[in-house]
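So this one's model_30.pdb, PDB, C-alpha atoms and all ligand atoms:
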ATOM      1  CA  MET O   1     191.251  15.123 197.286
ATOM      2  CA  PRO O   2     188.689  17.324 199.052
ATOM      3  CA  ILE O   3     185.325  16.551 197.567
ATOM      4  CA  PHE O   4     183.046  19.468 198.344
ATOM      5  CA  ASP O   5     185.471  21.785 196.602
ATOM      6  CA  ASP O   6     185.333  19.410 193.696
ATOM      7  CA  ILE O   7     181.607  19.942 193.140
ATOM      8  CA  VAL O   8     180.953  22.678 190.611
ATOM      9  CA  GLY O   9     178.775  25.547 191.870
ATOM     10  CA  HIS O  10     176.158  25.445 194.642
ATOM     11  CA  GLU O  11     178.456  27.486 196.888
ATOM     12  CA  ARG O  12     175.716  28.737 199.181
ATOM     13  CA  GLN O  13     174.285  25.251 199.670
ATOM     14  CA  LYS O  14     177.731  23.850 200.423
ATOM     15  CA  ARG O  15     178.314  26.561 203.020
ATOM     16  CA  ILE O  16     175.000  25.763 204.715
ATOM     17  CA  LEU O  17     176.008  22.106 205.005
ATOM     18  CA  THR O  18     179.647  22.549 206.019
ATOM     19  CA  GLY O  19     178.617  25.285 208.450
ATOM     20  CA  ALA O  20     176.241  22.928 210.252
ATOM     21  CA  PHE O  21     178.950  20.276 210.348
ATOM     22  CA  ALA O  22     181.598  22.710 211.691
ATOM     23  CA  ARG O  23     179.252  23.924 214.424
ATOM     24  CA  ARG O  24     178.290  20.338 215.210
ATOM     25  CA  ARG O  25     174.662  21.273 214.801
ATOM     26  CA  VAL O  26     173.554  19.023 211.990
ATOM     27  CA  PRO O  27     169.777  18.889 211.532
ATOM     28  CA  SER O  28     168.623  15.302 211.416
ATOM     29  CA  THR O  29     166.213  15.757 208.525
ATOM     30  CA  TYR O  30     166.981  17.702 205.383
ATOM     31  CA  LEU O  31     164.919  18.421 202.302
ATOM     32  CA  PHE O  32     166.961  19.205 199.189
ATOM     33  CA  THR O  33     164.808  20.884 196.558
ATOM     34  CA  GLY O  34     165.469  22.188 193.050
ATOM     35  CA  GLU O  35     165.132  21.220 189.398
ATOM     36  CA  ALA O  36     165.865  17.663 188.307
ATOM     37  CA  GLY O  37     169.475  17.155 187.287
ATOM     38  CA  ILE O  38     170.738  20.140 189.219
ATOM     39  CA  GLY O  39     173.049  18.175 191.532
ATOM     40  CA  LYS O  40     171.009  17.652 194.713
ATOM     41  CA  ARG O  41     171.600  13.944 194.968
ATOM     42  CA  SER O  42     175.343  14.265 194.350
ATOM     43  CA  LEU O  43     175.656  16.859 197.070
ATOM     44  CA  ALA O  44     173.613  14.693 199.440
ATOM     45  CA  ILE O  45     176.071  11.836 198.958
ATOM     46  CA  GLU O  46     179.071  14.136 199.416
ATOM     47  CA  PHE O  47     177.520  15.517 202.578
ATOM     48  CA  GLY O  48     177.166  11.952 203.834
ATOM     49  CA  ARG O  49     180.860  11.459 203.202
ATOM     50  CA  LEU O  50     181.746  14.633 205.070
ATOM     51  CA  LEU O  51     179.619  13.625 208.054
ATOM     52  CA  ASN O  52     181.339  10.281 208.383
ATOM     53  CA  CYS O  53     184.840  11.057 207.101
ATOM     54  CA  LEU O  54     187.621   9.709 209.326
ATOM     55  CA  SER O  55     189.926  12.636 208.672
ATOM     56  CA  PRO O  56     188.165  15.731 207.375
ATOM     57  CA  VAL O  57     190.410  18.290 205.720
ATOM     58  CA  LYS O  58     190.247  22.037 205.397
ATOM     59  CA  GLY O  59     188.459  23.030 202.218
ATOM     60  CA  GLU O  60     188.073  26.452 200.617
ATOM     61  CA  ASP O  61     184.955  27.313 202.546
ATOM     62  CA  GLY O  62     185.200  25.138 205.619
ATOM     63  CA  PRO O  63     185.611  21.497 206.495
ATOM     64  CA  ASP O  64     185.656  18.982 203.685
ATOM     65  CA  ALA O  65     185.741  15.191 203.433
ATOM     66  CA  CYS O  66     189.106  13.640 202.628
ATOM     67  CA  GLY O  67     187.595  11.562 199.831
ATOM     68  CA  VAL O  68     189.976   8.637 200.368
ATOM     69  CA  CYS O  69     189.329   7.130 203.806
ATOM     70  CA  SER O  70     187.381   3.888 204.013
ATOM     71  CA  HIS O  71     184.137   5.666 204.922
ATOM     72  CA  CYS O  72     184.447   8.228 202.107
ATOM     73  CA  GLU O  73     185.273   5.487 199.659
ATOM     74  CA  ARG O  74     182.435   3.145 200.599
ATOM     75  CA  ILE O  75     179.799   5.875 200.800
ATOM     76  CA  ARG O  76     180.783   6.980 197.301
ATOM     77  CA  LYS O  77     180.204   3.425 196.110
ATOM     78  CA  GLU O  78     177.018   3.276 198.174
ATOM     79  CA  VAL O  79     178.178   0.137 199.957
ATOM     80  CA  HIS O  80     178.735   1.535 203.444
ATOM     81  CA  PRO O  81     176.754  -0.348 206.120
ATOM     82  CA  ASP O  82     175.628   2.926 207.708
ATOM     83  CA  PHE O  83     174.494   4.499 204.463
ATOM     84  CA  ARG O  84     171.340   3.882 202.454
ATOM     85  CA  MET O  85     170.260   5.314 199.125
ATOM     86  CA  VAL O  86     166.569   4.838 198.440
ATOM     87  CA  THR O  87     165.052   5.261 194.986
ATOM     88  CA  PRO O  88     161.559   4.555 193.666
ATOM     89  CA  GLU O  89     160.786   1.018 192.555
ATOM     90  CA  ASP O  90     158.372   0.887 189.618
ATOM     91  CA  GLY O  91     157.846   4.597 189.997
ATOM     92  CA  MET O  92     156.964   4.511 193.657
ATOM     93  CA  ILE O  93     158.525   4.440 197.112
ATOM     94  CA  ARG O  94     156.434   1.969 199.014
ATOM     95  CA  ILE O  95     155.686   1.340 202.641
ATOM     96  CA  GLU O  96     157.874  -1.798 202.625
ATOM     97  CA  GLN O  97     160.884   0.329 201.687
ATOM     98  CA  VAL O  98     160.087   2.791 204.460
ATOM     99  CA  ARG O  99     159.674  -0.008 207.002
ATOM    100  CA  GLU O 100     163.076  -1.311 206.037
ATOM    101  CA  LEU O 101     164.532   2.169 206.646
ATOM    102  CA  ILE O 102     162.905   2.454 210.025
ATOM    103  CA  GLU O 103     164.415  -0.901 210.930
ATOM    104  CA  PHE O 104     167.806   0.246 209.593
ATOM    105  CA  LEU O 105     167.690   3.342 211.799
ATOM    106  CA  SER O 106     166.667   1.406 214.880
ATOM    107  CA  PHE O 107     170.249   0.158 215.361
ATOM    108  CA  LYS O 108     173.191   2.330 216.275
ATOM    109  CA  PRO O 109     175.725   3.079 213.532
ATOM    110  CA  LEU O 110     177.904   0.029 212.946
ATOM    111  CA  GLU O 111     181.116   1.812 212.080
ATOM    112  CA  ALA O 112     180.532   5.458 211.349
ATOM    113  CA  THR O 113     179.394   8.461 213.395
ATOM    114  CA  TYR O 114     176.091   8.845 211.568
ATOM    115  CA  LYS O 115     173.570   6.609 209.937
ATOM    116  CA  ILE O 116     172.619   8.316 206.712
ATOM    117  CA  ILE O 117     169.635   7.861 204.476
ATOM    118  CA  VAL O 118     169.191   9.631 201.162
ATOM    119  CA  ILE O 119     165.723   9.308 199.647
ATOM    120  CA  ASP O 120     165.840  10.316 196.003
ATOM    121  CA  GLU O 121     162.639  11.461 194.285
ATOM    122  CA  ALA O 122     161.056  11.605 197.715
ATOM    123  CA  GLU O 123     157.809  12.895 196.186
ATOM    124  CA  ARG O 124     157.247   9.362 194.965
ATOM    125  CA  MET O 125     156.596   8.099 198.470
ATOM    126  CA  ASN O 126     152.987   7.023 198.349
ATOM    127  CA  PRO O 127     150.658   8.244 201.125
ATOM    128  CA  ALA O 128     151.031   5.038 203.142
ATOM    129  CA  ALA O 129     154.826   5.280 202.964
ATOM    130  CA  SER O 130     154.814   8.981 203.882
ATOM    131  CA  ASN O 131     152.561   8.403 206.843
ATOM    132  CA  ALA O 132     154.643   5.494 208.043
ATOM    133  CA  PHE O 133     157.700   7.704 207.918
ATOM    134  CA  LEU O 134     156.256  10.724 209.767
ATOM    135  CA  LYS O 135     157.144   9.660 213.259
ATOM    136  CA  THR O 136     160.735   8.912 212.259
ATOM    137  CA  LEU O 137     161.017  12.308 210.584
ATOM    138  CA  GLU O 138     159.704  13.949 213.687
ATOM    139  CA  GLU O 139     162.033  12.178 216.070
ATOM    140  CA  PRO O 140     164.821  10.506 214.157
ATOM    141  CA  PRO O 141     166.979   8.210 216.262
ATOM    142  CA  GLU O 142     170.097   9.911 217.599
ATOM    143  CA  GLY O 143     173.007   9.875 215.210
ATOM    144  CA  SER O 144     170.902   9.635 212.083
ATOM    145  CA  VAL O 145     170.636  12.050 209.198
ATOM    146  CA  ILE O 146     167.834  11.709 206.658
ATOM    147  CA  ILE O 147     168.036  13.654 203.414
ATOM    148  CA  LEU O 148     164.930  13.824 201.239
ATOM    149  CA  VAL O 149     165.707  14.872 197.685
ATOM    150  CA  THR O 150     163.001  16.162 195.365
ATOM    151  CA  SER O 151     162.357  18.369 192.370
ATOM    152  CA  LEU O 152     158.658  18.492 193.251
ATOM    153  CA  PRO O 153     158.446  19.549 196.908
ATOM    154  CA  ASP O 154     154.793  20.539 196.480
ATOM    155  CA  GLN O 155     153.934  16.897 195.999
ATOM    156  CA  LEU O 156     155.202  15.947 199.444
ATOM    157  CA  LEU O 157     152.757  15.930 202.321
ATOM    158  CA  ASP O 158     152.844  19.207 204.255
ATOM    159  CA  THR O 159     153.512  17.210 207.363
ATOM    160  CA  VAL O 160     156.616  15.695 205.767
ATOM    161  CA  ARG O 161     157.902  18.988 204.366
ATOM    162  CA  SER O 162     157.454  20.888 207.581
ATOM    163  CA  ARG O 163     159.609  18.458 209.519
ATOM    164  CA  CYS O 164     162.670  19.013 207.360
ATOM    165  CA  PHE O 165     165.342  21.642 207.102
ATOM    166  CA  GLN O 166     165.073  22.824 203.528
ATOM    167  CA  VAL O 167     168.061  23.515 201.305
ATOM    168  CA  ARG O 168     167.028  25.066 197.981
ATOM    169  CA  PHE O 169     169.156  24.545 194.901
ATOM    170  CA  THR O 170     169.217  26.939 191.964
ATOM    171  CA  PRO O 171     170.357  26.142 188.413
ATOM    172  CA  LEU O 172     174.049  26.385 187.642
ATOM    173  CA  SER O 173     175.341  29.112 185.370
ATOM    174  CA  ARG O 174     176.044  28.297 181.726
ATOM    175  CA  ARG O 175     179.791  28.258 182.476
ATOM    176  CA  GLU O 176     179.397  25.973 185.470
ATOM    177  CA  THR O 177     177.253  23.622 183.415
ATOM    178  CA  GLU O 178     179.975  23.484 180.768
ATOM    179  CA  ARG O 179     182.527  22.627 183.456
ATOM    180  CA  VAL O 180     180.374  19.764 184.686
ATOM    181  CA  LEU O 181     179.986  18.482 181.117
ATOM    182  CA  GLU O 182     183.742  18.579 180.694
ATOM    183  CA  ARG O 183     184.194  16.566 183.886
ATOM    184  CA  ILE O 184     181.805  13.874 182.763
ATOM    185  CA  GLY O 185     183.778  13.529 179.582
ATOM    186  CA  ILE O 186     181.807  15.418 176.924
ATOM    187  CA  GLU O 187     184.521  16.496 174.528
ATOM    188  CA  GLY O 188     184.649  19.626 172.434
ATOM    189  CA  ALA O 189     184.073  23.145 173.738
ATOM    190  CA  ARG O 190     181.475  24.000 171.077
ATOM    191  CA  LYS O 191     179.505  20.851 171.818
ATOM    192  CA  ARG O 192     179.543  21.566 175.539
ATOM    193  CA  GLU O 193     178.438  25.131 174.908
ATOM    194  CA  ARG O 194     175.390  24.056 172.917
ATOM    195  CA  LEU O 195     174.492  21.290 175.343
ATOM    196  CA  ALA O 196     174.773  23.703 178.276
ATOM    197  CA  MET O 197     172.284  25.933 176.519
ATOM    198  CA  LEU O 198     169.755  23.095 176.483
ATOM    199  CA  LEU O 199     170.346  21.889 179.970
ATOM    200  CA  GLN O 200     169.439  25.208 181.568
ATOM    201  CA  GLY O 201     171.664  24.830 184.579
ATOM    202  CA  CYS O 202     170.776  21.199 185.264
ATOM    203  CA  PRO O 203     173.667  19.146 183.842
ATOM    204  CA  GLY O 204     172.450  15.910 185.426
ATOM    205  CA  ARG O 205     169.716  15.771 182.803
ATOM    206  CA  VAL O 206     172.265  14.660 180.302
ATOM    207  CA  LEU O 207     172.720  11.445 182.235
ATOM    208  CA  ALA O 208     169.092  10.964 183.210
ATOM    209  CA  GLU O 209     167.595   7.783 181.984
ATOM    210  CA  GLU O 210     164.221   7.941 180.452
ATOM    211  CA  ASP O 211     161.642   8.179 183.167
ATOM    212  CA  GLN O 212     159.808   4.880 183.104
ATOM    213  CA  ALA O 213     156.973   5.991 185.328
ATOM    214  CA  GLY O 214     153.761   7.573 184.194
ATOM    215  CA  VAL O 215     152.837   8.374 180.630
ATOM    216  CA  THR O 216     155.065   6.910 177.952
ATOM    217  CA  GLU O 217     156.426   8.582 174.909
ATOM    218  CA  ASP O 218     154.365   6.238 172.754
ATOM    219  CA  GLU O 219     151.168   7.291 174.486
ATOM    220  CA  ILE O 220     151.996  10.941 173.935
ATOM    221  CA  LEU O 221     152.720  10.346 170.283
ATOM    222  CA  ALA O 222     149.567   8.261 169.834
ATOM    223  CA  HIS O 223     147.544  11.303 170.761
ATOM    224  CA  LEU O 224     149.380  13.558 168.410
ATOM    225  CA  LEU O 225     150.348  11.707 165.323
ATOM    226  CA  PRO O 226     147.628  11.237 162.704
ATOM    227  CA  PRO O 227     144.860  10.266 163.149
ATOM    228  CA  GLY O 228     145.418  11.510 166.696
ATOM    229  CA  ARG O 229     143.245  11.272 169.743
ATOM    230  CA  PRO O 230     142.134  14.193 171.868
ATOM    231  CA  VAL O 231     143.937  14.418 175.198
ATOM    232  CA  ARG O 232     141.986  14.795 178.403
ATOM    233  CA  TRP O 233     144.071  15.320 181.473
ATOM    234  CA  LYS O 234     142.354  14.405 184.673
ATOM    235  CA  ASP O 235     144.198  16.917 186.813
ATOM    236  CA  ARG O 236     147.090  19.307 187.027
ATOM    237  CA  SER O 237     149.633  16.722 188.104
ATOM    238  CA  GLU O 238     148.837  14.546 185.102
ATOM    239  CA  MET O 239     149.333  17.499 182.814
ATOM    240  CA  GLU O 240     152.585  18.282 184.577
ATOM    241  CA  GLU O 241     153.728  14.722 184.030
ATOM    242  CA  TRP O 242     153.007  14.984 180.307
ATOM    243  CA  LEU O 243     154.795  18.256 180.104
ATOM    244  CA  ARG O 244     157.886  16.971 181.885
ATOM    245  CA  LYS O 245     158.107  14.007 179.568
ATOM    246  CA  PHE O 246     157.534  16.270 176.603
ATOM    247  CA  ILE O 247     160.328  18.602 177.731
ATOM    248  CA  LEU O 248     162.698  15.638 177.687
ATOM    249  CA  MET O 249     161.470  14.766 174.215
ATOM    250  CA  ILE O 250     162.088  18.264 172.890
ATOM    251  CA  ARG O 251     165.450  18.287 174.546
ATOM    252  CA  ASP O 252     166.329  15.226 172.538
ATOM    253  CA  VAL O 253     164.989  16.699 169.334
ATOM    254  CA  ALA O 254     167.075  19.795 169.975
ATOM    255  CA  VAL O 255     170.170  17.821 170.922
ATOM    256  CA  SER O 256     169.901  15.781 167.769
ATOM    257  CA  GLY O 257     169.845  19.084 165.892
ATOM    258  CA  THR O 258     173.229  20.047 167.337
ATOM    259  CA  GLY O 259     174.930  17.224 165.507
ATOM    260  CA  ILE O 260     175.981  15.586 168.765
ATOM    261  CA  GLU O 261     176.352  11.878 168.252
ATOM    262  CA  ARG O 262     173.689   9.809 169.861
ATOM    263  CA  GLU O 263     176.102   7.820 172.000
ATOM    264  CA  ASP O 264     177.080  10.954 173.887
ATOM    265  CA  ILE O 265     173.831  11.169 175.722
ATOM    266  CA  LEU O 266     170.938   8.912 176.398
ATOM    267  CA  MET O 267     168.455  10.042 173.840
ATOM    268  CA  ASN O 268     165.013   8.671 173.629
ATOM    269  CA  ARG O 269     164.612   6.054 170.965
ATOM    270  CA  LYS O 270     161.627   7.571 169.265
ATOM    271  CA  VAL O 271     163.457  10.747 168.355
ATOM    272  CA  GLY O 272     166.313   8.713 166.950
ATOM    273  CA  ARG O 273     163.856   6.703 164.894
ATOM    274  CA  LEU O 274     162.058   9.744 163.588
ATOM    275  CA  LYS O 275     165.379  11.191 162.638
ATOM    276  CA  ASP O 276     166.440   8.043 160.826
ATOM    277  CA  GLU O 277     163.181   7.769 158.963
ATOM    278  CA  ARG O 278     162.728  11.347 157.958
ATOM    279  CA  ASN O 279     166.219  12.655 158.235
ATOM    280  CA  SER O 280     164.755  16.008 159.086
ATOM    281  CA  LEU O 281     163.716  17.330 162.418
ATOM    282  CA  ILE O 282     162.656  20.828 163.263
ATOM    283  CA  PRO O 283     165.572  23.262 163.205
ATOM    284  CA  LEU O 284     167.612  23.666 166.357
ATOM    285  CA  GLU O 285     166.495  27.245 166.988
ATOM    286  CA  ARG O 286     162.830  26.244 166.791
ATOM    287  CA  ALA O 287     163.443  23.307 169.122
ATOM    288  CA  LEU O 288     165.150  25.600 171.603
ATOM    289  CA  GLY O 289     162.222  27.979 171.380
ATOM    290  CA  LEU O 290     159.751  25.169 172.043
ATOM    291  CA  TYR O 291     161.892  23.951 174.916
ATOM    292  CA  GLU O 292     161.713  27.361 176.517
ATOM    293  CA  GLU O 293     157.990  27.672 175.928
ATOM    294  CA  ALA O 294     157.387  24.247 177.466
ATOM    295  CA  THR O 295     159.495  24.963 180.559
ATOM    296  CA  GLY O 296     157.654  28.292 180.884
ATOM    297  CA  LEU O 297     154.331  26.500 180.713
ATOM    298  CA  LEU O 298     155.488  24.072 183.372
ATOM    299  CA  ASN O 299     156.239  27.001 185.668
ATOM    300  CA  ASP O 300     152.844  28.532 184.912
ATOM    301  CA  LEU O 301     151.145  25.293 185.887
ATOM    302  CA  ARG O 302     152.438  25.823 189.399
ATOM    303  CA  TYR O 303     150.305  28.938 189.555
ATOM    304  CA  ASN O 304     147.151  27.078 188.716
ATOM    305  CA  ILE O 305     146.552  28.501 185.285
ATOM    306  CA  ASN O 306     143.370  27.422 183.568
ATOM    307  CA  HIS O 307     143.557  23.744 182.585
ATOM    308  CA  LEU O 308     141.879  24.198 179.267
ATOM    309  CA  ILE O 309     144.221  26.959 178.163
ATOM    310  CA  ALA O 310     147.276  25.060 179.353
ATOM    311  CA  GLY O 311     145.988  21.912 177.668
ATOM    312  CA  ASN O 312     145.483  23.632 174.343
ATOM    313  CA  TYR O 313     148.866  25.226 174.587
ATOM    314  CA  LEU O 314     150.531  21.913 175.363
ATOM    315  CA  THR O 315     148.803  20.264 172.403
ATOM    316  CA  TYR O 316     150.044  23.068 170.199
ATOM    317  CA  LEU O 317     153.616  22.630 171.448
ATOM    318  CA  LEU O 318     153.508  18.884 170.914
ATOM    319  CA  ARG O 319     152.219  19.225 167.374
ATOM    320  CA  GLU O 320     154.806  21.866 166.573
ATOM    321  CA  CYS O 321     157.537  19.591 167.786
ATOM    322  CA  TYR O 322     156.566  16.545 165.759
ATOM    323  CA  GLY O 323     154.277  18.015 163.127
ATOM    324  CA  ASP O 324     156.960  18.619 160.549
ATOM    325  CA  THR O 325     158.274  15.113 160.706
ATOM    326  CA  CYS O 326     155.070  13.138 160.422
TER
HETATM  327 ZN    ZN O 401     187.292  10.607 204.427
END
Exercise: express the given structure as structure tokens:
Amino acid sequence: MPIFDDIVGHERQKRILTGAFARRRVPSTYLFTGEAGIGKRSLAIEFGRLLNCLSPVKGEDGPDACGVCSHCERIRKEVHPDFRMVTPEDGMIRIEQVRELIEFLSFKPLEATYKIIVIDEAERMNPAASNAFLKTLEEPPEGSVIILVTSLPDQLLDTVRSRCFQVRFTPLSRRETERVLERIGIEGARKRERLAMLLQGCPGRVLAEEDQAGVTEDEILAHLLPPGRPVRWKDRSEMEEWLRKFILMIRDVAVSGTGIEREDILMNRKVGRLKDERNSLIPLERALGLYEEATGLLNDLRYNINHLIAGNYLTYLLRECYGDTC
């Protein structure tokens, strides 16, 4: 079965990729940007399959991978010898991982046409790793394609960003999100509708595991729950980190308000516990409102709004979210 056609939405991005493949002018370094959970990583893998497919087929908008040949199959399982998926280890992509990639690229493809590397959460490359990778990004060995995937492109070094061909992803529509939820097995149209509302075009968030890096939920709560400790963020990125984690927490509060069983999605434990103990969380509509306010604040942070104002606002949102239950 053709696989690009099988991906819901992102039509423009798919055309950019299949177009490059059809013209045989595939840039060797890509940067996929867009919100977390939007589908960047999935499309990166599918693009890898298309590049190395043994018998590409004709899809709706251009060439497509067959999805069944041995290359397609092994890249999907991430066990192909010419394919590497790199993810942060303990919250960071380290120089050792990058060195291993450079070594991997130094040999010609073993079986396929291209050697492909997908680096997920590329913003987590630490400075040493980024610097070690610069030369490779500038002149990747022939026959290699490197795809950096990130929801925080601003956190990449300029020198890294400028070497890549950027493909920007935008959130899916509500309908498209519902279709993705159906595919991953969330049953019930009403349930999917309400979930789609929360996911704001990024269905992958439903599968996202709790982010282990950075501030923990417990630390956030320790500052907020009585007696509470004042929060002092050292810089914008720390505040952003708090806010991102908080957005996930509200999402869970809101989801639990929809009556969706906990097994359906990976909810954070704390929310489940609060719910069990108090059996009352803030109403769904309020949670949705807070969710929107928090995502709005996150966008504002990108424009360098005053730290103090943003900090006070974030504290207010956090207290609103948990205040009623504690
Ligand atoms: Zn194939």
Quick check, in Å to one decimal: how far apart do CA of Glu35 in chain O and CA of Val206 in chain O lie?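 Rounded to one decimal, the two atoms are 13.3 Å apart.
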Selection dump of the PyMOL selection byres (((chain O and resi 119) around 9) and not hetatm), as a list in words: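 On this input, the PyMOL selection byres (((chain O and resi 119) around 9) and not hetatm) captures Arg41, Arg84, Met85, Val86, Thr87, Pro88, Ile117, Val118, Asp120, Glu121, Ala122, Ile146, Ile147, Leu148, Val149 and Thr150 of chain O.
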Can you give me, as number ranges by chain, the residues this file yields under the PyMOL selection byres (((not hetatm)) within 7 of (chain O and resi 401))? O: 49-50, 53-56, 65-72
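Here the question is which of O:Gly201, O:Pro127, O:Gly185, O:Gly34 gets nearest to Leu157 in chain O using only C-alpha atoms, and that residue is O:Pro127.
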Quick one, how far is CA of Glu285 in chain O from CA of Glu238 in chain O? 28.3 Å
Quick one: distance from CA of Gly289 in chain O to CA of Ile38 in chain O in Å, one decimal? 21.3 Å
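For the set O:Leu181, O:Leu137, O:Leu43, O:Leu101, the residue with the smallest atom-to-atom gap to Glu11 in chain O is O:Leu43, counting all atoms listed in the file.
Restricting the calculation to only C-alpha atoms, the smallest distance between Gln166 in chain O and any of O:Ser28, O:Gly311, O:Ile7, O:Thr136 is found for O:Ser28.
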Which residues, named as in the file, does the PyMOL selection byres (((chain O and resi 113) around 12) and not hetatm) pick out? Answer as a list in words.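 After applying the PyMOL selection byres (((chain O and resi 113) around 12) and not hetatm), what remains is Gly48, Arg49, Leu50, Leu51, Asn52, Cys53, Leu54, His71, Pro81, Asp82, Phe83, Lys108, Pro109, Leu110, Glu111, Ala112, Tyr114, Lys115, Ile116, Glu142, Gly143, Ser144 and Val145 of chain O.
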